[in-house]
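The structure appears below as structure tokens.
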There are 2 protein chains.
Amino acid sequence: MMGSAMSFPARDNGHEVRLVGIHNRETIESVKANGWHPTLKRTLPEGVKCYHIEDLQTALDGADLVIGGVSSFGVDWFEQTVLPLLPDNFPVLSITKGLEKTPEGNLVPFPVAMTRRAEAQGRKMCLNAVGGPVTSYELAERQQTCICFCGPDIKVLRWLKSLLETDYYHISLTTDIVGLECAVAMKNAYALGVSLAVGKNKIEFGEEGVLHYNPQAALFEQGTTEATRLMQMLGADMRNLMFFTGDLYVTIFGGRTRLIGTLLGQGYPYTEAREMLAGITLESVAITTRVAEAIRQQEKLGKASTKDFPLLMLIDDMISRGGKADIPWELFPQEII
Amino acid sequence: MMGSAMSFPARDNGHEVRLVGIHNRETIESVKANGWHPTLKRTLPEGVKCYHIEDLQTALDGADLVIGGVSSFGVDWFEQTVLPLLPDNFPVLSITKGLEKTPEGNLVPFPVAMTRRAEAQGRKMCLNAVGGPVTSYELAERQQTCICFCGPDIKVLRWLKSLLETDYYHISLTTDIVGLECAVAMKNAYALGVSLAVGKNKIEFGEEGVLHYNPQAALFEQGTTEATRLMQMLGADMRNLMFFTGDLYVTIFGGRTRLIGTLLGQGYPYTEAREMLAGITLESVAITTRVAEAIRQQEKLGKASTKDFPLLMLIDDMISRGGKADIPWELFPQEII
């Protein structure tokens with residue numbers, strides 16, 4: 001969906017756009033027929049050319065840029081299927097956000113991890129990624145959007161910006177890949193965290209009861225603190241924290257993550273909540289368990305403390321060990337001196 | 001209202017509470033009669049003792065702590081009327097947040113400015129303040145709340161925390177007065193900024209149209225960036241940024257500031273919007289004009305740049321010069337390298 005939505009700024013800037021479907025053949029057939037994208041529920045801009053996956057090579061022929069639109073669950077497939085087809089240093093812009101955990105417990109952004117693996121095979125990559133608050137529906141409505149491209153080379157980033165910036169799609173640039181990726185990956189975890197208060201509100205005030213904001217704000221605050229700590233641990237440029245806060249704000253209203261957080265806050269065990277949301281991919285769950293495990297590993301090495309991440313540890317406990325949504329409020333206060 | 005709401009944690013911890021009304025005699029009479037607080041719309045805890053302003057001295061007799069509950073518009077009155085009645089070093093906890101501008105264009109937190117003036121008269125002050133996301137209504141419902149006390153002496157702050165922390169009122173502490181005060185003052189300005197998108201949404205999609213979040217999130221992001229820049233300019237500890245983000249989140253849903261921001265976003269000139277909200281005190285307006293003026297003064301000295309604060313400058317232009325809500329989206333993107 002986000003990959004398809006990127007056709008709006010691309011086509012508005014006059015570029016030729018070739019949309020390749022991976023397994024969603026019906027979507028491609030529908031767009032081909034009359035431009036209608038059935039899950040995005042919008043008509044794509046005129047002139048988008050459509051390809052099924054078996055025609056990927058044809059679609060790549062003469063392209064200047066590949067935009068990768070898979071979710072974090074498809075990132076291995078993208079790495080193994082698409083990247084090998086590209087020449088060395090071919091520019092890629094990925095909308096997939098996330099961090100990989102190494103066996104040693106280090107957290108590495110997807111594009112960095114992929115670049116390293118490719119380099120180990122003697123290949124050269126030019127992987128860049130998008131982060132920041134954007135929903136595909138609203139991008140497809142040309143709503144004002146401010147996001148960030150990250151990558152290793154500012155010149156490439158400026159070129160990408162020149163291709164895709166419009167009067168509604170505003171692009172910051174950063175070479176701090178780990179900072180941006182950490183910021184936008186962690187907002188998934190903490191959007192689940194803030195939503196716990198929405199679930200607890202339902203218990204206290206009823207299904208349609210008036211929402212209360214002190215508890216949500218307290219969790220937003222704690223999320224900011226824990227994201228800051230993680231970003232500092234990874235050596236990030238803290239200016240990229242703005243993409244965490246903006247993205248957290250939009251994700252709280254954003255559907256899937258709010259749903260699971262609300263159910264957990266209402267007291268449903270994770271296994272039950274997951275069944276109630278069958279078929280929904282939950283990036284918030286994947287990133288939480290991965291980062292929590294990394295912090296525990298780093299703690300054993302004396303390089304981190306789980307005590308600095310009480311909210312993340314609670315969420316992980318609920319997801320990984322069926323723990324209850326007992327928010328450890330008393331662990332949140334700190335002395336800043 | 002917030003001063004009255006503070007009676008909940010204070011009484012829950014078994015303290016004697018003496019509530020002094022300034023000009024709101026009816027509120028005091030009502031609480032005296034049956035505990036009902038008419039504007040807070042809640043019954044105060046049992047045992048709160050009530051005083052009119054002429055009995056202030058009686059109320060102070062034997063008190064251990066004064067909690068000042070005036071808005072930023074009453075802060076001069078508090079300084080001139082209440083502080084002179086207190087012995088040297090008498091502990092005060094103020095819920096008033098804000099920054100004063102010196103004639104030279106420096107921004108000084110209220111408690112610091114008051115302490116300096118008192119010291120110039122040979123007096124010694126012990127002024128502390130509360131900041132962070134809390135609405136008085138929800139504190140009075142004992143909703144989970146995480147705020148911060150700031151002051152010059154960590155020992156005094158720890159004592160204040162020991163008096164007022166409960167299992168729903170969680171208190172961080174900081175000696176970085178300027179950091180906390182700047183964070184929580186600026187959220188008023190930027191909550192107005194985010195609300196502009198709510199108003200623009202009404203124009204594009206109708207009064208009851210579906211809310212869109214990309215633009216709001218972009219403004220939240222830009223607010224985070226500009227608040228960070230201002231805090232850094234004032235030498236703040238950036239860990240206190242968490243109180244900006246949490247407080248911004250709750251203030252966006254909070255009534256007065258959202259109302260004025262929405263009206264401005266809908267295209268009403270400020271003078272008209274102000275009339276529509278007659279009688280409502282707008283801390284967001286006061287802080288915006290004051291800080292914008294300070295930045296302009298600092299710019300002349302080569303110590304700041306208005307270009308670093310395009311959203312704040314827009315808001316100030318609307319308020320101070322009847323400018324239109326033309327959000328300068330194209331000025332927001334930056335390079336973080």
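Residues in the structure tokens are numbered from 1 in each chain, the chains being A, B, ... in the order shown, and ligands are numbered from 1 in the order shown.
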Considering only C-alpha atoms, tabulate each residue of chain A that lies at most 6 Å from chain B along with its nearest interatomic pair and the corresponding distance in Å to one decimal; arrange the rows by chain and ascending residue number and present them as CSV.
```
residue,atom,partner,partner_atom,distance
A:Val134,CA,B:Asn214,CA,5.4
A:Gln144,CA,B:Pro215,CA,5.0
A:Thr145,CA,B:Asn214,CA,5.3
A:Cys146,CA,B:Ala218,CA,5.2
A:Ile171,CA,B:Pro333,CA,5.6
A:Ser172,CA,B:Pro333,CA,4.4
A:Leu173,CA,B:Glu335,CA,4.7
A:Thr174,CA,B:Ile336,CA,4.5
A:Thr175,CA,B:Ile337,CA,5.3
A:Tyr213,CA,B:Val250,CA,5.8
A:Asn214,CA,B:Thr145,CA,5.3
A:Pro215,CA,B:Gln144,CA,5.0
A:Ala217,CA,B:Gly246,CA,4.7
A:Ala218,CA,B:Cys146,CA,5.2
A:Phe220,CA,B:Gly246,CA,5.3
A:Glu221,CA,B:Gly246,CA,4.4
A:Thr224,CA,B:Met242,CA,5.5
A:Thr225,CA,B:Met242,CA,5.9
A:Met242,CA,B:Glu221,CA,4.9
A:Gly246,CA,B:Glu221,CA,4.4
A:Val250,CA,B:Ala217,CA,5.7
A:Pro333,CA,B:Ser172,CA,4.3
A:Gln334,CA,B:Ser172,CA,4.8
A:Glu335,CA,B:Leu173,CA,4.7
A:Ile336,CA,B:Thr174,CA,4.5
A:Ile337,CA,B:Thr175,CA,5.3
```
Least-squares superposed chain B, target chain A, every Cα, as a compact mmCIF listing (two decimals) with C-alpha atoms, in the first residue's frame:
```txt
# COMPACT_ATOMS: atom_id res chain seq x y z
CA MET B 1 0.00 -0.01 0.01
CA MET B 2 2.73 2.47 0.87
CA GLY B 3 4.70 1.45 -2.21
CA SER B 4 1.62 2.18 -4.31
CA ALA B 5 1.02 5.48 -2.51
CA MET B 6 4.55 6.56 -3.45
CA SER B 7 3.28 6.66 -7.05
CA PHE B 8 1.51 9.93 -6.17
CA PRO B 9 4.60 12.11 -5.58
CA ALA B 10 6.48 10.17 -8.29
CA ARG B 11 3.82 10.66 -10.97
CA ASP B 12 3.11 14.25 -9.86
CA ASN B 13 6.76 14.96 -10.64
CA GLY B 14 6.34 13.43 -14.11
CA HIS B 15 8.28 10.22 -13.56
CA GLU B 16 7.46 6.94 -15.23
CA VAL B 17 6.21 4.58 -12.50
CA ARG B 18 6.22 0.79 -12.80
CA LEU B 19 4.28 -0.93 -10.05
CA VAL B 20 5.27 -4.55 -9.40
CA GLY B 21 2.96 -6.75 -7.34
CA ILE B 22 4.53 -9.51 -5.28
CA HIS B 23 1.69 -11.85 -4.39
CA ASN B 24 -1.26 -9.47 -4.74
CA ARG B 25 -2.22 -10.29 -8.35
CA GLU B 26 -5.75 -8.95 -7.95
CA THR B 27 -4.47 -5.53 -6.96
CA ILE B 28 -2.26 -5.37 -10.04
CA GLU B 29 -5.11 -6.52 -12.30
CA SER B 30 -7.42 -3.92 -10.82
CA VAL B 31 -4.93 -1.05 -11.20
CA LYS B 32 -4.25 -2.23 -14.76
CA ALA B 33 -7.96 -2.23 -15.57
CA ASN B 34 -9.01 1.17 -14.24
CA GLY B 35 -6.43 2.48 -11.78
CA TRP B 36 -8.39 1.39 -8.70
CA HIS B 37 -6.22 0.10 -5.83
CA PRO B 38 -8.54 -2.11 -3.77
CA THR B 39 -6.73 -2.05 -0.39
CA LEU B 40 -5.56 1.56 -0.63
CA LYS B 41 -9.15 2.30 -1.68
CA ARG B 42 -8.00 5.05 -4.01
CA THR B 43 -7.48 5.42 -7.75
CA LEU B 44 -3.76 5.61 -8.51
CA PRO B 45 -2.50 8.47 -10.67
CA GLU B 46 -2.86 8.08 -14.42
CA GLY B 47 -0.09 6.34 -16.28
CA VAL B 48 1.15 3.94 -13.59
CA LYS B 49 2.34 0.79 -15.41
CA CYS B 50 1.64 -2.54 -13.75
CA TYR B 51 3.61 -5.76 -13.59
CA HIS B 52 3.24 -9.11 -11.89
CA ILE B 53 6.22 -10.48 -10.04
CA GLU B 54 7.28 -12.77 -12.93
CA ASP B 55 7.85 -9.63 -15.01
CA LEU B 56 10.07 -7.97 -12.42
CA GLN B 57 13.11 -8.03 -14.71
CA THR B 58 11.15 -6.26 -17.46
CA ALA B 59 9.97 -3.65 -14.95
CA LEU B 60 13.55 -3.03 -13.83
CA ASP B 61 14.80 -2.52 -17.37
CA GLY B 62 16.00 1.07 -17.73
CA ALA B 63 14.77 2.09 -14.27
CA ASP B 64 16.68 4.80 -12.39
CA LEU B 65 15.45 3.92 -8.91
CA VAL B 66 13.80 1.01 -7.12
CA ILE B 67 11.37 1.84 -4.33
CA GLY B 68 10.91 -1.19 -2.08
CA GLY B 69 7.44 -1.30 -0.56
CA VAL B 70 7.44 -4.53 1.47
CA SER B 71 6.59 -4.69 5.18
CA SER B 72 9.30 -5.72 7.63
CA PHE B 73 8.07 -9.30 7.26
CA GLY B 74 8.93 -9.22 3.54
CA VAL B 75 12.34 -7.69 3.93
CA ASP B 76 14.22 -11.02 3.65
CA TRP B 77 12.36 -11.82 0.45
CA PHE B 78 13.24 -8.37 -0.93
CA GLU B 79 16.89 -8.89 -0.07
CA GLN B 80 17.08 -12.35 -1.60
CA THR B 81 14.90 -11.79 -4.68
CA VAL B 82 15.15 -8.18 -5.77
CA LEU B 83 18.56 -6.90 -4.67
CA PRO B 84 20.52 -9.62 -6.56
CA LEU B 85 18.91 -8.41 -9.82
CA LEU B 86 20.31 -4.89 -9.45
CA PRO B 87 23.70 -3.67 -10.68
CA ASP B 88 26.24 -2.53 -8.08
CA ASN B 89 25.41 0.81 -6.49
CA PHE B 90 21.93 0.89 -7.98
CA PRO B 91 19.86 3.33 -5.89
CA VAL B 92 17.16 1.74 -3.74
CA LEU B 93 14.71 3.57 -1.49
CA SER B 94 13.01 1.28 0.99
CA ILE B 95 9.87 2.15 2.91
CA THR B 96 10.51 -0.80 5.22
CA LYS B 97 11.58 0.37 8.63
CA GLY B 98 13.20 -1.66 11.27
CA LEU B 99 16.15 -2.98 13.15
CA GLU B 100 17.75 -6.38 12.93
CA LYS B 101 19.25 -8.06 15.97
CA THR B 102 22.64 -9.69 15.56
CA PRO B 103 23.38 -12.90 17.49
CA GLU B 104 25.53 -10.77 19.85
CA GLY B 105 22.56 -8.53 20.68
CA ASN B 106 23.47 -5.53 18.57
CA LEU B 107 20.68 -3.69 16.76
CA VAL B 108 21.39 -2.83 13.14
CA PRO B 109 19.03 -0.98 10.77
CA PHE B 110 17.77 -3.12 7.87
CA PRO B 111 19.58 -1.17 5.12
CA VAL B 112 22.88 -1.30 7.01
CA ALA B 113 22.55 -5.03 7.69
CA MET B 114 21.73 -5.73 4.04
CA THR B 115 24.61 -3.59 2.83
CA ARG B 116 27.00 -5.48 5.10
CA ARG B 117 25.83 -8.87 3.86
CA ALA B 118 26.08 -7.75 0.25
CA GLU B 119 29.57 -6.38 0.82
CA ALA B 120 30.60 -9.71 2.35
CA GLN B 121 29.68 -11.19 -1.05
CA GLY B 122 31.74 -8.59 -2.90
CA ARG B 123 28.77 -6.46 -3.95
CA LYS B 124 28.20 -2.72 -3.50
CA MET B 125 24.83 -1.41 -2.37
CA CYS B 126 23.16 2.00 -2.38
CA LEU B 127 20.36 1.41 0.09
CA ASN B 128 18.29 4.28 1.42
CA ALA B 129 15.11 4.29 3.46
CA VAL B 130 12.09 6.44 4.31
CA GLY B 131 11.03 7.12 7.89
CA GLY B 132 8.58 9.40 9.58
CA PRO B 133 4.86 9.90 10.01
CA VAL B 134 2.87 9.00 6.92
CA THR B 135 -0.15 6.83 6.29
CA SER B 136 -0.52 5.51 2.77
CA TYR B 137 -4.19 6.56 2.59
CA GLU B 138 -3.36 10.16 3.33
CA LEU B 139 -0.34 10.27 1.03
CA ALA B 140 -2.71 9.05 -1.69
CA GLU B 141 -4.94 12.03 -0.83
CA ARG B 142 -1.95 14.35 -1.15
CA GLN B 143 -2.24 15.40 2.49
CA GLN B 144 0.67 17.47 3.82
CA THR B 145 3.35 15.05 4.94
CA CYS B 146 6.84 15.58 6.40
CA ILE B 147 9.11 12.54 6.35
CA CYS B 148 12.83 11.83 6.15
CA PHE B 149 15.07 9.84 3.81
CA CYS B 150 18.16 8.22 5.31
CA GLY B 151 21.18 6.74 3.60
CA PRO B 152 24.95 6.73 3.69
CA ASP B 153 25.56 9.39 0.99
CA ILE B 154 24.06 12.89 1.26
CA LYS B 155 24.49 13.44 -2.49
CA VAL B 156 22.34 10.42 -3.29
CA LEU B 157 19.80 11.56 -0.71
CA ARG B 158 19.61 15.01 -2.31
CA TRP B 159 19.05 13.36 -5.68
CA LEU B 160 16.25 11.23 -4.24
CA LYS B 161 14.68 14.34 -2.75
CA SER B 162 14.87 16.12 -6.11
CA LEU B 163 12.95 13.21 -7.66
CA LEU B 164 10.19 12.90 -5.09
CA GLU B 165 9.60 16.18 -3.23
CA THR B 166 6.29 17.85 -4.05
CA ASP B 167 4.25 20.64 -2.51
CA TYR B 168 2.64 18.08 -0.16
CA TYR B 169 5.49 15.54 0.32
CA HIS B 170 8.28 17.26 2.24
CA ILE B 171 11.55 15.43 2.65
CA SER B 172 14.21 15.88 5.32
CA LEU B 173 17.50 14.05 4.79
CA THR B 174 19.80 12.32 7.22
CA THR B 175 22.95 10.24 7.03
CA ASP B 176 22.19 9.05 10.58
CA ILE B 177 20.58 5.81 9.40
CA VAL B 178 20.53 4.20 12.82
CA GLY B 179 18.92 7.29 14.37
CA LEU B 180 16.04 7.53 11.92
CA GLU B 181 15.44 3.78 11.75
CA CYS B 182 15.52 3.39 15.51
CA ALA B 183 13.15 6.35 15.96
CA VAL B 184 10.54 5.11 13.52
CA ALA B 185 10.82 1.45 14.49
CA MET B 186 10.37 2.17 18.20
CA LYS B 187 7.24 4.23 17.68
CA ASN B 188 5.46 0.98 16.82
CA ALA B 189 6.34 -0.47 20.22
CA TYR B 190 5.39 2.66 22.14
CA ALA B 191 2.17 3.26 20.19
CA LEU B 192 1.14 -0.12 21.55
CA GLY B 193 2.25 1.13 24.98
CA VAL B 194 0.15 4.31 24.84
CA SER B 195 -2.84 2.31 23.62
CA LEU B 196 -2.78 0.22 26.80
CA ALA B 197 -4.27 3.27 28.52
CA VAL B 198 -7.08 3.33 25.95
CA GLY B 199 -7.93 -0.25 26.87
CA LYS B 200 -7.77 0.48 30.59
CA ASN B 201 -10.05 3.47 29.99
CA LYS B 202 -12.65 1.10 28.51
CA ILE B 203 -12.51 -1.07 31.63
CA GLU B 204 -12.89 1.90 33.98
CA PHE B 205 -15.39 4.00 32.04
CA GLY B 206 -17.08 1.53 29.66
CA GLU B 207 -16.66 0.75 25.97
CA GLU B 208 -17.85 4.21 24.88
CA GLY B 209 -16.68 6.08 27.99
CA VAL B 210 -15.00 9.47 27.79
CA LEU B 211 -11.31 9.06 26.98
CA HIS B 212 -8.85 10.25 29.59
CA TYR B 213 -5.52 11.68 28.55
CA ASN B 214 -3.30 11.94 31.64
CA PRO B 215 -2.43 8.21 31.46
CA GLN B 216 -1.92 8.25 27.69
CA ALA B 217 0.29 11.34 27.98
CA ALA B 218 2.31 9.71 30.76
CA LEU B 219 2.95 6.72 28.50
CA PHE B 220 3.81 9.04 25.58
CA GLU B 221 6.28 10.75 27.90
CA GLN B 222 7.79 7.44 29.04
CA GLY B 223 7.97 6.27 25.41
CA THR B 224 9.90 9.42 24.52
CA THR B 225 12.33 8.75 27.37
CA GLU B 226 12.92 5.12 26.48
CA ALA B 227 13.29 5.85 22.75
CA THR B 228 15.80 8.57 23.63
CA ARG B 229 17.76 6.10 25.77
CA LEU B 230 17.80 3.50 22.99
CA MET B 231 18.81 6.05 20.37
CA GLN B 232 21.62 7.26 22.61
CA MET B 233 22.70 3.66 23.22
CA LEU B 234 22.98 3.21 19.44
CA GLY B 235 24.87 6.48 18.96
CA ALA B 236 22.06 8.27 17.12
CA ASP B 237 21.84 11.97 16.31
CA MET B 238 19.12 13.08 18.73
CA ARG B 239 17.69 15.55 16.22
CA ASN B 240 16.06 12.50 14.62
CA LEU B 241 13.90 12.09 17.73
CA MET B 242 11.39 14.42 16.01
CA PHE B 243 10.48 11.54 13.70
CA PHE B 244 9.80 9.34 16.70
CA THR B 245 7.40 11.81 18.30
CA GLY B 246 5.57 12.71 15.08
CA ASP B 247 5.32 9.09 14.01
CA LEU B 248 4.20 7.97 17.49
CA TYR B 249 1.45 10.60 17.38
CA VAL B 250 0.06 9.36 14.06
CA THR B 251 0.47 5.66 14.90
CA ILE B 252 -1.60 5.96 18.07
CA PHE B 253 -4.57 6.78 15.83
CA GLY B 254 -3.46 4.32 13.21
CA GLY B 255 -5.40 1.10 13.43
CA ARG B 256 -3.53 -2.14 13.95
CA THR B 257 -1.18 -1.12 16.72
CA ARG B 258 -3.87 0.75 18.64
CA LEU B 259 -6.16 -2.28 18.34
CA ILE B 260 -3.71 -4.75 19.86
CA GLY B 261 -2.64 -2.27 22.58
CA THR B 262 -6.25 -1.55 23.48
CA LEU B 263 -7.12 -5.26 23.71
CA LEU B 264 -4.07 -5.92 25.90
CA GLY B 265 -5.00 -2.93 28.07
CA GLN B 266 -8.50 -4.36 28.43
CA GLY B 267 -6.95 -7.49 29.90
CA TYR B 268 -7.04 -9.94 27.00
CA PRO B 269 -3.97 -12.19 27.01
CA TYR B 270 -1.77 -11.68 23.96
CA THR B 271 -2.62 -15.04 22.37
CA GLU B 272 -6.32 -14.20 22.54
CA ALA B 273 -5.84 -10.63 21.28
CA ARG B 274 -3.77 -11.95 18.38
CA GLU B 275 -6.56 -14.32 17.40
CA MET B 276 -9.10 -11.50 17.55
CA LEU B 277 -6.93 -9.60 15.06
CA ALA B 278 -6.27 -12.63 12.87
CA GLY B 279 -4.48 -11.84 9.65
CA ILE B 280 -3.16 -8.49 10.76
CA THR B 281 0.60 -8.05 10.58
CA LEU B 282 1.96 -6.52 13.74
CA GLU B 283 5.27 -4.75 13.32
CA SER B 284 4.89 -3.47 16.88
CA VAL B 285 5.13 -7.03 18.20
CA ALA B 286 8.13 -7.97 16.08
CA ILE B 287 10.14 -4.87 17.00
CA THR B 288 9.32 -5.11 20.70
CA THR B 289 10.46 -8.70 21.17
CA ARG B 290 13.59 -8.13 19.11
CA VAL B 291 14.69 -4.97 20.89
CA ALA B 292 13.81 -6.32 24.35
CA GLU B 293 15.95 -9.38 23.69
CA ALA B 294 18.82 -7.19 22.47
CA ILE B 295 18.66 -5.07 25.63
CA ARG B 296 18.71 -8.19 27.81
CA GLN B 297 21.76 -9.45 25.93
CA GLN B 298 23.47 -6.07 26.24
CA GLU B 299 22.65 -6.05 29.94
CA LYS B 300 24.59 -9.28 30.43
CA LEU B 301 27.56 -7.54 28.82
CA GLY B 302 27.13 -4.57 31.17
CA LYS B 303 26.31 -2.25 28.26
CA ALA B 304 22.62 -1.60 28.97
CA SER B 305 20.06 -1.98 31.72
CA THR B 306 16.55 -3.36 31.38
CA LYS B 307 15.68 -0.97 34.22
CA ASP B 308 15.97 1.90 31.73
CA PHE B 309 13.14 0.41 29.66
CA PRO B 310 10.31 -0.55 32.04
CA LEU B 311 7.55 0.13 29.50
CA LEU B 312 9.21 -1.84 26.72
CA MET B 313 9.87 -4.70 29.12
CA LEU B 314 6.20 -4.73 30.16
CA ILE B 315 5.07 -4.90 26.52
CA ASP B 316 7.55 -7.68 25.81
CA ASP B 317 6.38 -9.57 28.90
CA MET B 318 2.78 -9.41 27.68
CA ILE B 319 3.69 -10.53 24.18
CA SER B 320 6.35 -13.12 24.93
CA ARG B 321 5.24 -14.56 28.25
CA GLY B 322 1.52 -13.82 28.50
CA GLY B 323 2.09 -11.19 31.19
CA LYS B 324 -0.65 -8.87 32.40
CA ALA B 325 -0.99 -5.18 31.47
CA ASP B 326 0.13 -4.01 34.91
CA ILE B 327 1.76 -0.74 33.95
CA PRO B 328 4.71 -0.15 36.32
CA TRP B 329 3.93 3.56 36.84
CA GLU B 330 6.07 3.67 39.97
CA LEU B 331 9.16 2.85 37.88
CA PHE B 332 8.72 5.80 35.52
CA PRO B 333 9.72 8.80 37.66
CA GLN B 334 13.36 9.81 37.43
CA GLU B 335 15.72 12.45 38.72
CA ILE B 336 17.11 14.71 36.03
CA ILE B 337 19.96 16.58 37.69
```
* Write down as a list of chain:residue names the residues of region 131-179 of chain A whose backbone DSSP state falls under strand (DSSP E). => A:Gly131, A:Thr145, A:Cys146, A:Ile147, A:Cys148, A:Phe149, A:Cys150, A:Tyr169, A:His170, A:Ile171, A:Ser172, A:Leu173, A:Thr174
Report task. Run DSSP on the backbone and give me the residues of region 162-275 of chain B it puts in helix (DSSP H, G or I), as a PyMOL selection string. Result -> chain B and resi 162-164+177-205+214-233+238-252+256-265+270-275
Selection above as a file: C-alpha atoms, as a JSON list (two decimals), in the first residue's frame:
```json
[["chain", "number", "residue", "atom", "x", "y", "z"],
["B", 162, "SER", "CA", 7.61, 12.58, 49.72],
["B", 163, "LEU", "CA", 4.65, 14.83, 50.59],
["B", 164, "LEU", "CA", 2.70, 14.50, 47.37],
["B", 177, "ILE", "CA", 14.35, 24.58, 35.94],
["B", 178, "VAL", "CA", 14.79, 26.25, 32.57],
["B", 179, "GLY", "CA", 14.52, 22.90, 30.75],
["B", 180, "LEU", "CA", 11.26, 21.83, 32.35],
["B", 181, "GLU", "CA", 9.67, 25.27, 32.22],
["B", 182, "CYS", "CA", 10.65, 25.81, 28.61],
["B", 183, "ALA", "CA", 9.34, 22.35, 27.65],
["B", 184, "VAL", "CA", 5.95, 22.77, 29.26],
["B", 185, "ALA", "CA", 5.50, 26.40, 28.27],
["B", 186, "MET", "CA", 6.27, 25.73, 24.60],
["B", 187, "LYS", "CA", 3.77, 22.90, 24.34],
["B", 188, "ASN", "CA", 1.04, 25.54, 24.57],
["B", 189, "ALA", "CA", 2.38, 27.29, 21.49],
["B", 190, "TYR", "CA", 2.83, 24.09, 19.49],
["B", 191, "ALA", "CA", -0.51, 22.60, 20.53],
["B", 192, "LEU", "CA", -2.00, 25.63, 18.82],
["B", 193, "GLY", "CA", 0.28, 24.84, 15.86],
["B", 194, "VAL", "CA", -0.87, 21.22, 15.56],
["B", 195, "SER", "CA", -4.49, 22.32, 15.85],
["B", 196, "LEU", "CA", -4.14, 24.46, 12.73],
["B", 197, "ALA", "CA", -4.26, 21.19, 10.79],
["B", 198, "VAL", "CA", -7.54, 20.31, 12.52],
["B", 199, "GLY", "CA", -9.02, 23.57, 11.27],
["B", 200, "LYS", "CA", -7.68, 23.04, 7.76],
["B", 201, "ASN", "CA", -9.17, 19.54, 7.84],
["B", 202, "LYS", "CA", -12.60, 21.09, 8.48],
["B", 203, "ILE", "CA", -12.21, 23.33, 5.43],
["B", 204, "GLU", "CA", -11.15, 20.45, 3.18],
["B", 205, "PHE", "CA", -13.43, 17.70, 4.46],
["B", 214, "ASN", "CA", -0.25, 13.21, 8.37],
["B", 215, "PRO", "CA", -0.46, 17.02, 8.63],
["B", 216, "GLN", "CA", -0.99, 16.98, 12.40],
["B", 217, "ALA", "CA", 1.94, 14.59, 12.82],
["B", 218, "ALA", "CA", 4.13, 16.80, 10.62],
["B", 219, "LEU", "CA", 3.34, 19.77, 12.86],
["B", 220, "PHE", "CA", 3.96, 17.65, 15.99],
["B", 221, "GLU", "CA", 7.33, 16.74, 14.48],
["B", 222, "GLN", "CA", 8.15, 20.37, 13.67],
["B", 223, "GLY", "CA", 7.04, 21.41, 17.16],
["B", 224, "THR", "CA", 9.43, 18.85, 18.65],
["B", 225, "THR", "CA", 12.26, 20.24, 16.54],
["B", 226, "GLU", "CA", 11.62, 23.86, 17.41],
["B", 227, "ALA", "CA", 11.16, 23.11, 21.13],
["B", 228, "THR", "CA", 14.43, 21.18, 21.05],
["B", 229, "ARG", "CA", 16.18, 24.15, 19.42],
["B", 230, "LEU", "CA", 14.79, 26.57, 22.02],
["B", 231, "MET", "CA", 15.70, 24.29, 24.91],
["B", 232, "GLN", "CA", 19.22, 23.94, 23.54],
["B", 233, "MET", "CA", 19.44, 27.72, 23.11],
["B", 238, "MET", "CA", 17.39, 17.53, 26.82],
["B", 239, "ARG", "CA", 16.04, 14.68, 28.95],
["B", 240, "ASN", "CA", 13.30, 17.13, 29.94],
["B", 241, "LEU", "CA", 12.02, 17.07, 26.36],
["B", 242, "MET", "CA", 9.84, 14.11, 27.43],
["B", 243, "PHE", "CA", 7.63, 16.56, 29.31],
["B", 244, "PHE", "CA", 7.22, 18.61, 26.15],
["B", 245, "THR", "CA", 6.07, 15.66, 24.06],
["B", 246, "GLY", "CA", 3.75, 14.19, 26.70],
["B", 247, "ASP", "CA", 2.28, 17.58, 27.54],
["B", 248, "LEU", "CA", 1.89, 18.49, 23.85],
["B", 249, "TYR", "CA", 0.00, 15.22, 23.32],
["B", 250, "VAL", "CA", -2.50, 15.93, 26.10],
["B", 251, "THR", "CA", -2.88, 19.64, 25.26],
["B", 252, "ILE", "CA", -3.87, 18.92, 21.67],
["B", 256, "ARG", "CA", -8.89, 26.08, 24.82],
["B", 257, "THR", "CA", -5.70, 25.81, 22.82],
["B", 258, "ARG", "CA", -7.18, 23.37, 20.32],
["B", 259, "LEU", "CA", -10.18, 25.68, 19.89],
["B", 260, "ILE", "CA", -8.16, 28.76, 18.99],
["B", 261, "GLY", "CA", -5.80, 26.75, 16.75],
["B", 262, "THR", "CA", -8.71, 25.14, 14.94],
["B", 263, "LEU", "CA", -10.42, 28.49, 14.35],
["B", 264, "LEU", "CA", -7.19, 30.01, 13.03],
["B", 265, "GLY", "CA", -6.69, 26.97, 10.80],
["B", 270, "TYR", "CA", -7.09, 36.10, 15.31],
["B", 271, "THR", "CA", -9.18, 39.06, 16.48],
["B", 272, "GLU", "CA", -12.35, 37.28, 15.37],
["B", 273, "ALA", "CA", -11.30, 33.92, 16.83],
["B", 274, "ARG", "CA", -10.50, 35.63, 20.13],
["B", 275, "GLU", "CA", -13.98, 37.15, 20.24]]
```
